[in-house]
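Asks: Dropping in input18.txt, which is compact mmCIF, C-alpha atoms:
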```txt
# COMPACT_ATOMS: atom_id res chain seq x y z
CA MET X 1 -174.80 -256.65 105.81
CA THR X 2 -172.79 -253.52 105.18
CA PRO X 3 -171.78 -253.12 101.51
CA LYS X 4 -168.11 -252.84 100.81
CA GLN X 5 -166.23 -251.11 98.01
CA SER X 6 -164.06 -253.45 96.04
CA ARG X 7 -161.63 -253.13 93.15
CA SER X 8 -162.62 -255.09 90.08
CA THR X 9 -160.28 -257.79 88.81
CA TYR X 10 -162.12 -258.21 85.48
CA ARG X 11 -160.04 -258.89 82.33
CA ALA X 12 -161.34 -258.73 78.78
CA GLY X 13 -160.19 -262.17 78.01
CA ASP X 14 -162.02 -263.74 80.88
CA ARG X 15 -165.28 -264.06 78.92
CA LYS X 16 -166.89 -263.49 75.55
CA GLU X 17 -167.99 -259.93 74.60
CA THR X 18 -171.77 -259.58 74.56
CA PHE X 19 -173.98 -257.26 72.49
CA ARG X 20 -174.56 -255.12 75.59
CA ASP X 21 -170.80 -254.73 75.99
CA ARG X 22 -170.38 -253.65 72.37
CA LEU X 23 -173.22 -251.15 72.69
CA GLY X 24 -171.71 -249.58 75.82
CA SER X 25 -168.35 -249.22 74.12
CA LYS X 26 -169.87 -247.39 71.13
CA ARG X 27 -171.77 -245.07 73.44
CA ARG X 28 -168.57 -244.09 75.19
CA THR X 29 -166.86 -243.43 71.83
CA PHE X 30 -169.74 -241.23 70.65
CA ALA X 31 -169.68 -239.35 73.94
CA ILE X 32 -165.97 -238.56 73.59
CA ILE X 33 -166.40 -237.40 69.97
CA GLY X 34 -169.35 -235.21 70.95
CA LEU X 35 -167.40 -233.62 73.78
CA ALA X 36 -164.51 -232.84 71.44
CA LEU X 37 -166.84 -231.24 68.89
CA PHE X 38 -168.45 -229.14 71.63
CA LEU X 39 -165.07 -227.82 72.76
CA VAL X 40 -164.08 -226.88 69.19
CA ALA X 41 -167.38 -225.08 68.63
CA ASP X 42 -166.96 -223.19 71.90
CA VAL X 43 -163.51 -221.92 70.87
CA VAL X 44 -164.88 -220.75 67.50
CA LEU X 45 -167.79 -218.92 69.10
CA VAL X 46 -165.52 -217.13 71.57
CA GLY X 47 -163.27 -215.97 68.72
CA LEU X 48 -166.25 -214.64 66.75
CA ALA X 49 -167.48 -212.74 69.78
CA LEU X 50 -164.12 -211.03 70.25
CA THR X 51 -164.00 -210.05 66.59
CA ALA X 52 -167.48 -208.59 66.68
CA ASN X 53 -166.48 -206.31 69.61
CA GLY X 54 -163.46 -204.92 67.83
CA GLY X 55 -160.95 -207.19 69.56
CA SER X 56 -157.61 -207.85 67.90
CA SER X 57 -155.11 -210.63 68.24
CA HIS X 58 -152.28 -208.15 67.56
CA PRO X 59 -150.75 -207.06 70.89
CA GLY X 60 -149.89 -203.59 69.50
CA THR X 61 -153.52 -202.68 68.76
CA GLN X 62 -155.23 -203.48 72.04
CA ARG X 63 -158.18 -201.27 72.84
CA PRO X 64 -158.83 -199.81 76.29
CA ILE X 65 -161.08 -201.89 78.51
CA PRO X 66 -164.42 -200.10 78.76
CA THR X 67 -165.70 -199.03 82.17
CA PHE X 68 -169.09 -197.88 83.29
CA GLY X 69 -170.60 -195.43 85.71
CA GLY X 70 -169.59 -192.24 83.85
CA THR X 71 -165.83 -192.72 83.90
CA SER X 72 -163.63 -192.98 80.86
CA SER X 73 -160.74 -195.31 80.28
CA ALA X 74 -159.25 -193.43 77.29
CA PRO X 75 -155.44 -193.39 77.34
CA ALA X 76 -153.90 -190.36 79.01
CA SER X 77 -152.68 -187.55 76.72
CA PRO X 78 -148.93 -187.40 76.09
CA GLU X 79 -147.03 -185.04 78.32
CA ALA X 80 -146.67 -181.55 76.86
CA THR X 81 -143.25 -180.80 75.47
CA GLU X 82 -141.53 -177.43 75.60
CA GLU X 83 -142.46 -175.22 72.67
CA PRO X 84 -139.45 -174.68 70.39
CA ALA X 85 -138.00 -171.19 70.32
CA ALA X 86 -139.24 -169.06 67.43
CA ALA X 87 -136.77 -168.77 64.58
CA GLU X 88 -135.37 -165.35 63.78
CA PRO X 89 -136.94 -163.70 60.72
CA THR X 90 -135.11 -164.49 57.50
CA GLU X 91 -136.72 -161.89 55.22
CA ARG X 92 -134.20 -159.58 53.59
CA PHE X 93 -133.85 -156.47 51.45
CA ILE X 94 -131.18 -155.35 48.99
CA ALA X 95 -130.83 -152.09 47.03
CA ALA X 96 -128.20 -150.85 44.59
CA GLY X 97 -126.91 -147.27 44.66
CA SER X 98 -124.63 -147.89 41.67
CA ALA X 99 -122.81 -150.72 39.94
CA THR X 100 -120.45 -150.95 42.91
CA VAL X 101 -122.32 -149.68 45.98
CA LEU X 102 -124.97 -151.93 47.52
CA TRP X 103 -127.13 -151.76 50.62
CA ARG X 104 -128.78 -154.74 52.28
CA ALA X 105 -130.72 -155.48 55.48
CA THR X 106 -132.35 -158.31 57.37
CA GLN X 107 -135.88 -157.66 58.58
CA GLY X 108 -135.33 -158.14 62.31
CA THR X 109 -137.91 -158.03 65.09
CA CYS X 110 -138.62 -155.76 68.02
CA GLU X 111 -136.55 -158.19 70.13
CA VAL X 112 -133.85 -159.13 67.57
CA PRO X 113 -132.86 -155.93 65.73
CA ALA X 114 -132.31 -155.80 61.98
CA VAL X 115 -128.80 -155.63 60.54
CA VAL X 116 -128.09 -153.02 57.85
CA GLU X 117 -124.89 -153.30 55.76
CA ARG X 118 -123.19 -151.42 52.93
CA SER X 119 -120.73 -152.62 50.28
CA GLU X 120 -118.44 -150.46 48.13
CA ASP X 121 -117.02 -153.28 46.02
CA ALA X 122 -120.13 -154.76 44.38
CA GLY X 123 -120.83 -157.10 47.27
CA VAL X 124 -117.43 -158.66 47.89
CA THR X 125 -117.11 -157.14 51.38
CA TRP X 126 -119.71 -155.59 53.68
CA ALA X 127 -119.59 -153.09 56.54
CA ALA X 128 -122.31 -152.96 59.19
CA ILE X 129 -124.10 -149.62 59.61
CA PRO X 130 -124.57 -148.68 63.31
CA THR X 131 -128.31 -148.05 63.04
CA ALA X 132 -128.93 -149.45 66.51
CA GLN X 133 -126.76 -146.72 68.00
CA ALA X 134 -128.03 -144.03 65.62
CA PHE X 135 -131.78 -144.40 66.15
CA ASP X 136 -132.34 -147.83 67.76
CA LEU X 137 -133.60 -149.52 64.61
CA ARG X 138 -135.43 -152.78 65.31
CA VAL X 139 -137.37 -153.81 62.17
CA VAL X 140 -136.99 -153.01 58.45
CA TYR X 141 -140.06 -153.01 56.18
CA ALA X 142 -138.68 -151.26 53.09
CA LEU X 143 -135.20 -150.28 51.86
CA THR X 144 -134.35 -148.07 48.86
CA ALA X 145 -131.17 -146.39 47.61
CA THR X 146 -131.20 -143.31 45.39
CA SER X 147 -127.42 -142.93 45.10
CA GLU X 148 -124.22 -144.36 46.51
CA ASP X 149 -124.61 -142.29 49.70
CA GLU X 150 -128.36 -141.79 49.92
CA VAL X 151 -130.55 -144.48 51.43
CA GLN X 152 -134.09 -144.54 52.82
CA LEU X 153 -135.90 -147.10 54.93
CA VAL X 154 -139.21 -147.65 56.65
CA GLY X 155 -138.92 -149.50 59.92
CA SER X 156 -139.74 -149.75 63.59
CA ALA X 157 -137.41 -148.15 66.15
CA GLY X 158 -137.09 -147.55 69.86
CA ALA X 159 -138.18 -149.53 72.88
CA ASP X 160 -141.83 -149.23 71.83
CA CYS X 161 -140.96 -150.37 68.26
CA THR X 162 -142.77 -147.46 66.60
CA VAL X 163 -143.00 -147.42 62.80
CA GLY X 164 -141.26 -144.48 61.13
CA GLY X 165 -139.29 -143.32 58.12
CA PHE X 166 -135.52 -142.78 58.27
CA SER X 167 -132.95 -141.60 55.74
CA SER X 168 -129.24 -140.91 55.39
CA THR X 169 -127.35 -138.79 52.86
CA ASP X 170 -123.83 -139.59 54.05
CA ALA X 171 -123.57 -143.36 53.52
CA GLY X 172 -125.19 -144.14 56.86
CA ASP X 173 -122.93 -142.10 59.11
CA THR X 174 -125.90 -140.02 60.32
CA TRP X 175 -129.65 -140.48 60.03
CA ASP X 176 -132.66 -138.18 59.92
CA SER X 177 -136.29 -138.83 60.73
CA SER X 178 -138.26 -138.83 57.48
CA PRO X 179 -141.97 -139.21 58.33
CA GLU X 180 -142.91 -138.36 54.74
CA LEU X 181 -141.71 -141.82 53.71
CA LEU X 182 -144.74 -143.30 55.47
CA SER X 183 -147.00 -141.59 52.93
CA THR X 184 -144.89 -142.35 49.87
CA ALA X 185 -143.26 -145.76 50.39
CA ALA X 186 -145.09 -149.07 49.99
CA TYR X 187 -144.36 -151.82 52.47
CA GLN X 188 -145.80 -154.95 54.02
CA THR X 189 -146.99 -155.03 57.61
CA PRO X 190 -145.73 -157.73 60.00
CA ALA X 191 -147.71 -160.96 60.01
CA ALA X 192 -150.69 -161.01 62.35
CA ALA X 193 -151.44 -163.85 64.76
CA ASP X 194 -153.34 -165.69 62.01
CA GLY X 195 -150.44 -165.29 59.56
CA SER X 196 -152.18 -162.68 57.42
CA THR X 197 -150.47 -159.48 56.26
CA ALA X 198 -151.49 -156.17 54.72
CA VAL X 199 -149.83 -153.80 52.30
CA VAL X 200 -149.44 -150.11 53.16
CA MET X 201 -149.50 -147.64 50.27
CA ALA X 202 -149.67 -143.85 50.59
CA GLY X 203 -150.08 -144.30 54.31
CA GLN X 204 -153.19 -146.47 53.91
CA SER X 205 -153.50 -150.18 54.63
CA VAL X 206 -154.73 -152.14 51.62
CA ALA X 207 -156.00 -155.71 51.74
CA ALA X 208 -153.41 -158.06 50.31
CA PRO X 209 -154.24 -160.13 47.20
CA CYS X 210 -153.82 -163.32 49.24
CA PRO X 211 -153.72 -164.38 52.92
CA ALA X 212 -149.96 -163.82 53.19
CA VAL X 213 -147.72 -161.77 50.91
CA GLU X 214 -144.32 -163.43 50.51
CA VAL X 215 -142.53 -160.78 48.41
CA LEU X 216 -143.16 -157.09 47.78
CA ALA X 217 -141.43 -154.68 45.39
CA ALA X 218 -142.34 -151.02 44.82
CA ASP X 219 -141.09 -147.86 43.17
CA GLU X 220 -142.59 -144.41 42.64
CA THR X 221 -145.36 -145.69 40.38
CA ARG X 222 -145.79 -149.45 40.85
CA THR X 223 -146.37 -151.92 43.69
CA VAL X 224 -146.04 -155.64 42.93
CA THR X 225 -146.49 -158.55 45.31
CA ALA X 226 -145.95 -162.29 45.08
CA CYS X 227 -147.94 -164.89 46.99
CA SER X 228 -147.79 -168.67 47.05
CA ALA X 229 -149.36 -168.98 43.61
CA VAL X 230 -149.80 -165.52 42.08
CA LEU X 231 -147.95 -162.43 40.95
CA ALA X 232 -150.09 -159.33 41.48
CA GLU X 233 -149.88 -155.57 40.84
CA TRP X 234 -151.95 -152.85 42.49
CA ASP X 235 -154.11 -150.84 40.13
CA ALA X 236 -154.56 -147.41 41.70
CA SER X 237 -157.12 -146.41 39.09
CA ASN X 238 -159.73 -148.84 40.38
CA GLY X 239 -158.33 -149.81 43.77
CA SER X 240 -157.84 -153.51 43.02
CA TRP X 241 -155.16 -156.09 42.27
CA THR X 242 -154.43 -157.53 38.84
CA ALA X 243 -152.95 -161.02 39.16
CA ILE X 244 -151.51 -163.79 37.02
CA PRO X 245 -150.84 -167.33 38.24
CA PHE X 246 -147.23 -168.15 39.12
CA ALA X 247 -145.98 -170.20 42.06
CA GLY X 248 -142.71 -170.35 43.95
CA ILE X 249 -141.50 -166.74 43.62
CA HIS X 250 -138.60 -165.86 45.95
CA ALA X 251 -137.69 -162.30 44.90
CA VAL X 252 -139.11 -159.50 42.73
CA GLU X 253 -137.59 -156.30 41.31
CA LEU X 254 -139.25 -153.51 39.37
CA GLN X 255 -137.29 -152.25 36.37
CA PRO X 256 -138.20 -149.78 33.62
CA GLU X 257 -140.57 -151.53 31.23
CA GLN X 258 -140.54 -154.89 33.07
CA ILE X 259 -140.83 -156.94 36.26
CA LEU X 260 -137.83 -159.17 36.98
CA PHE X 261 -138.26 -162.05 39.42
CA ALA X 262 -136.63 -165.28 40.65
CA ALA X 263 -138.63 -168.44 41.27
CA ARG X 264 -138.18 -172.12 41.98
CA GLY X 265 -139.71 -174.88 39.91
CA VAL X 266 -138.82 -173.30 36.57
CA THR X 267 -138.50 -175.87 33.78
CA GLY X 268 -134.88 -176.57 32.90
CA CYS X 269 -133.45 -174.88 36.02
CA ALA X 270 -132.42 -176.89 39.08
CA GLY X 271 -131.99 -173.73 41.16
CA LEU X 272 -133.84 -170.42 40.94
CA GLY X 273 -135.02 -169.43 37.49
CA VAL X 274 -134.92 -165.75 36.54
CA LEU X 275 -137.89 -164.48 34.54
CA ARG X 276 -139.33 -161.21 33.28
CA VAL X 277 -142.80 -159.87 32.63
CA PRO X 278 -142.53 -157.14 29.98
CA GLY X 279 -144.61 -153.98 30.08
CA THR X 280 -145.22 -151.06 32.37
CA THR X 281 -148.40 -152.60 33.79
CA LEU X 282 -149.31 -156.15 34.69
CA THR X 283 -152.44 -157.37 32.89
CA ALA X 284 -154.46 -160.54 33.00
CA THR X 285 -152.80 -161.62 29.74
CA SER X 286 -149.21 -160.88 30.82
CA ALA X 287 -146.91 -163.89 30.35
CA PRO X 288 -143.55 -164.41 32.09
CA GLU X 289 -140.52 -165.03 29.87
CA SER X 290 -137.52 -167.09 30.97
CA VAL X 291 -134.28 -165.09 31.18
CA GLY X 292 -131.68 -167.17 33.03
CA CYS X 293 -130.96 -169.66 35.81
CA VAL X 294 -129.08 -169.42 39.11
CA ALA X 295 -128.33 -173.13 39.33
CA GLU X 296 -126.48 -173.00 42.68
CA ALA X 297 -129.18 -171.02 44.52
CA ASP X 298 -130.59 -172.55 47.70
CA LEU X 299 -134.26 -173.29 47.04
CA THR X 300 -135.07 -173.33 50.76
CA ALA X 301 -133.65 -169.86 51.52
CA PRO X 302 -135.26 -166.41 51.19
CA ALA X 303 -133.95 -164.12 48.49
CA ALA X 304 -133.78 -160.46 47.42
CA LEU X 305 -133.10 -158.99 43.98
CA THR X 306 -131.76 -155.63 42.77
CA SER X 307 -130.10 -154.07 39.71
CA ALA X 308 -128.19 -150.94 38.72
CA GLU X 309 -126.32 -149.83 35.59
CA GLY X 310 -126.84 -153.13 33.82
CA VAL X 311 -125.69 -155.34 36.73
CA SER X 312 -128.06 -157.49 38.79
CA TRP X 313 -127.60 -159.11 42.20
CA LEU X 314 -129.54 -161.95 43.83
CA TRP X 315 -128.99 -162.46 47.57
CA VAL X 316 -129.99 -166.01 48.51
CA GLY X 317 -129.26 -167.43 51.95
CA ASP X 318 -125.60 -166.69 52.69
CA THR X 319 -124.61 -166.29 49.04
CA LEU X 320 -124.69 -163.25 46.77
CA PHE X 321 -124.92 -163.89 43.03
CA SER X 322 -124.38 -161.30 40.30
CA SER X 323 -125.22 -161.04 36.61
CA PRO X 324 -123.56 -158.63 34.15
CA ASP X 325 -126.07 -159.24 31.36
CA GLY X 326 -129.52 -158.55 32.72
CA GLY X 327 -130.00 -161.89 34.45
CA VAL X 328 -128.96 -164.25 31.66
CA SER X 329 -125.80 -165.60 33.30
CA TRP X 330 -125.02 -165.71 37.04
CA GLY X 331 -122.03 -166.33 39.26
CA ALA X 332 -121.40 -166.26 43.00
CA VAL X 333 -119.67 -163.13 44.25
CA PRO X 334 -116.45 -164.20 46.02
CA ALA X 335 -116.62 -163.51 49.72
```
Reformat the file's structure so that it appears as structure tokens.
Replies:
Amino acid sequence: MTPKQSRSTYRAGDRKETFRDRLGSKRRTFAIIGLALFLVADVVLVGLALTANGGSSHPGTQRPIPTFGGTSSAPASPEATEEPAAAEPTERFIAAGSATVLWRATQGTCEVPAVVERSEDAGVTWAAIPTAQAFDLRVVYALTATSEDEVQLVGSAGADCTVGGFSSTDAGDTWDSSPELLSTAAYQTPAAADGSTAVVMAGQSVAAPCPAVEVLAADETRTVTACSAVLAEWDASNGSWTAIPFAGIHAVELQPEQILFAARGVTGCAGLGVLRVPGTTLTATSAPESVGCVAEADLTAPAALTSAEGVSWLWVGDTLFSSPDGGVSWGAVPA
């Protein structure tokens, strides 16, 4: 006889439950509990495996999927962006021919020529000097004034940007080549590709007291530089620099019997503090003395300092400040 499949019509209430029935029911319950515990354990183990391999549940920190066979799945490098245009040099120079006549200049580059100006009213108004037309001046490295009409500078000129000395005795109307200035003036060379600079004195390049000189001041007998954390003077007697620690110097001027300088970060001054180092020579024991404060000076801008006949000027950014009392009190010169 061929067996047939049939649907059971059994009901629990049809007969009494036997021991075998109870045992089968418990086995099914245990089986279900065991299966549930297995699934929970499996989830835990998978999570631990992901953690051990550096996986993260945070979608923003997903790692690249590793591949094999010598290829790399590292994310592609960002696309190169256009290099920003180089900023024009902001170094500047200022020199006083008297209490009323001032000269000033930006440094310039071989591509963006320097601007030289002269003032006859103590800095209230300025007139540009046509140096580009006179001798094609491009770069200024040093600027000095020996009278109201006499000015000297070391700079680069011409299409090949050759370094030379130039001077005028008629307030800048005409200029003469003055090669002797290259053997008498002290100046800083342009920054090299690595940012380093050198100081030229008596026509010879001298290693700077630090990787990059930020300020240089010189007269007939002294050459003083300022770096990021030191003020240093060249000692010609032994061919070395004497330095004292001082950070944040923006401008330096050599005066008889002292060094006058302006610096940021001076206690009690929110702008540029004005200080002096007394003496005709800087020594390891020299100590700066606070003189005054230019509270409105821009701490982010370059500066230049000069004095004549008891009046001092500090050119900071677009503002010219003056002091009638040796740097104690300062006010902006009205433009």
Asks: One decimal, Å: what's the distance from CA of Gln204 in chain X over to CA of Gly164 in chain X, could you say?
Replies: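 Pair CA of Gln204 in chain X / CA of Gly164 in chain X returns 14.1 Å.
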Asks: Which one is closest to Ala193 in chain X: X:Val124, X:Ala212, X:Ala96, X:Leu231? Count all atoms listed in the file.
Replies: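 With all atoms listed in the file as the atom set, the closest residue is X:Ala212.
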Asks: Find the residue from X:Leu254, X:Leu272, X:Ile259, X:Val140 that sits nearest to Cys293 in chain X; use all atoms listed in the file when measuring.
Replies: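 Of X:Leu254, X:Leu272, X:Ile259, X:Val140, the one nearest Cys293 in chain X is X:Leu272, counting all atoms listed in the file.
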Asks: Report, in Å with one decimal, the straight-line distance from CA of Gln258 in chain X to CA of Ala218 in chain X.
Replies: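 Going from CA of Gln258 in chain X over to CA of Ala218 in chain X, I get 12.5 Å.
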Asks: Using all atoms listed in the file, can you tell me which of X:Ala247, X:Cys161, X:Ile94, X:Ala217 comes closest to Val316 in chain X?
Replies: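 Nearest to Val316 in chain X: X:Ile94.
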Asks: Rank X:Trp315, X:Arg222, X:Pro113, X:Pro245 by their smallest atom-to-atom distance to Ala262 in chain X, using only C-alpha atoms, and report the top residue only.
Replies: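 Residue with the minimum atom-to-atom distance to Ala262 in chain X: X:Trp315.
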Asks: When you count only C-alpha atoms, which of these residues is closest to Thr306 in chain X: X:Gln133, X:Thr162, X:Ser183, X:Ser98?
Replies: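 Checking each of X:Gln133, X:Thr162, X:Ser183, X:Ser98 against Thr306 in chain X, counting only C-alpha atoms, the winner is X:Ser98.
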Asks: With 7 Å as the threshold, what does the neighbourhood of (-138.5, -166.8, 42.0) contain in terms of residues, counting all atoms listed in the file? Coordinates are those of the file; answer as a VMD selection string.
Replies: chain X and resid 248 to 251 261 to 264 272 to 274
Asks: One decimal, in Å: what's the spacing between CA of Thr169 in chain X and CA of Asp149 in chain X?
Replies: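 About the pair CA of Thr169 in chain X and CA of Asp149 in chain X: they are 5.5 Å apart.
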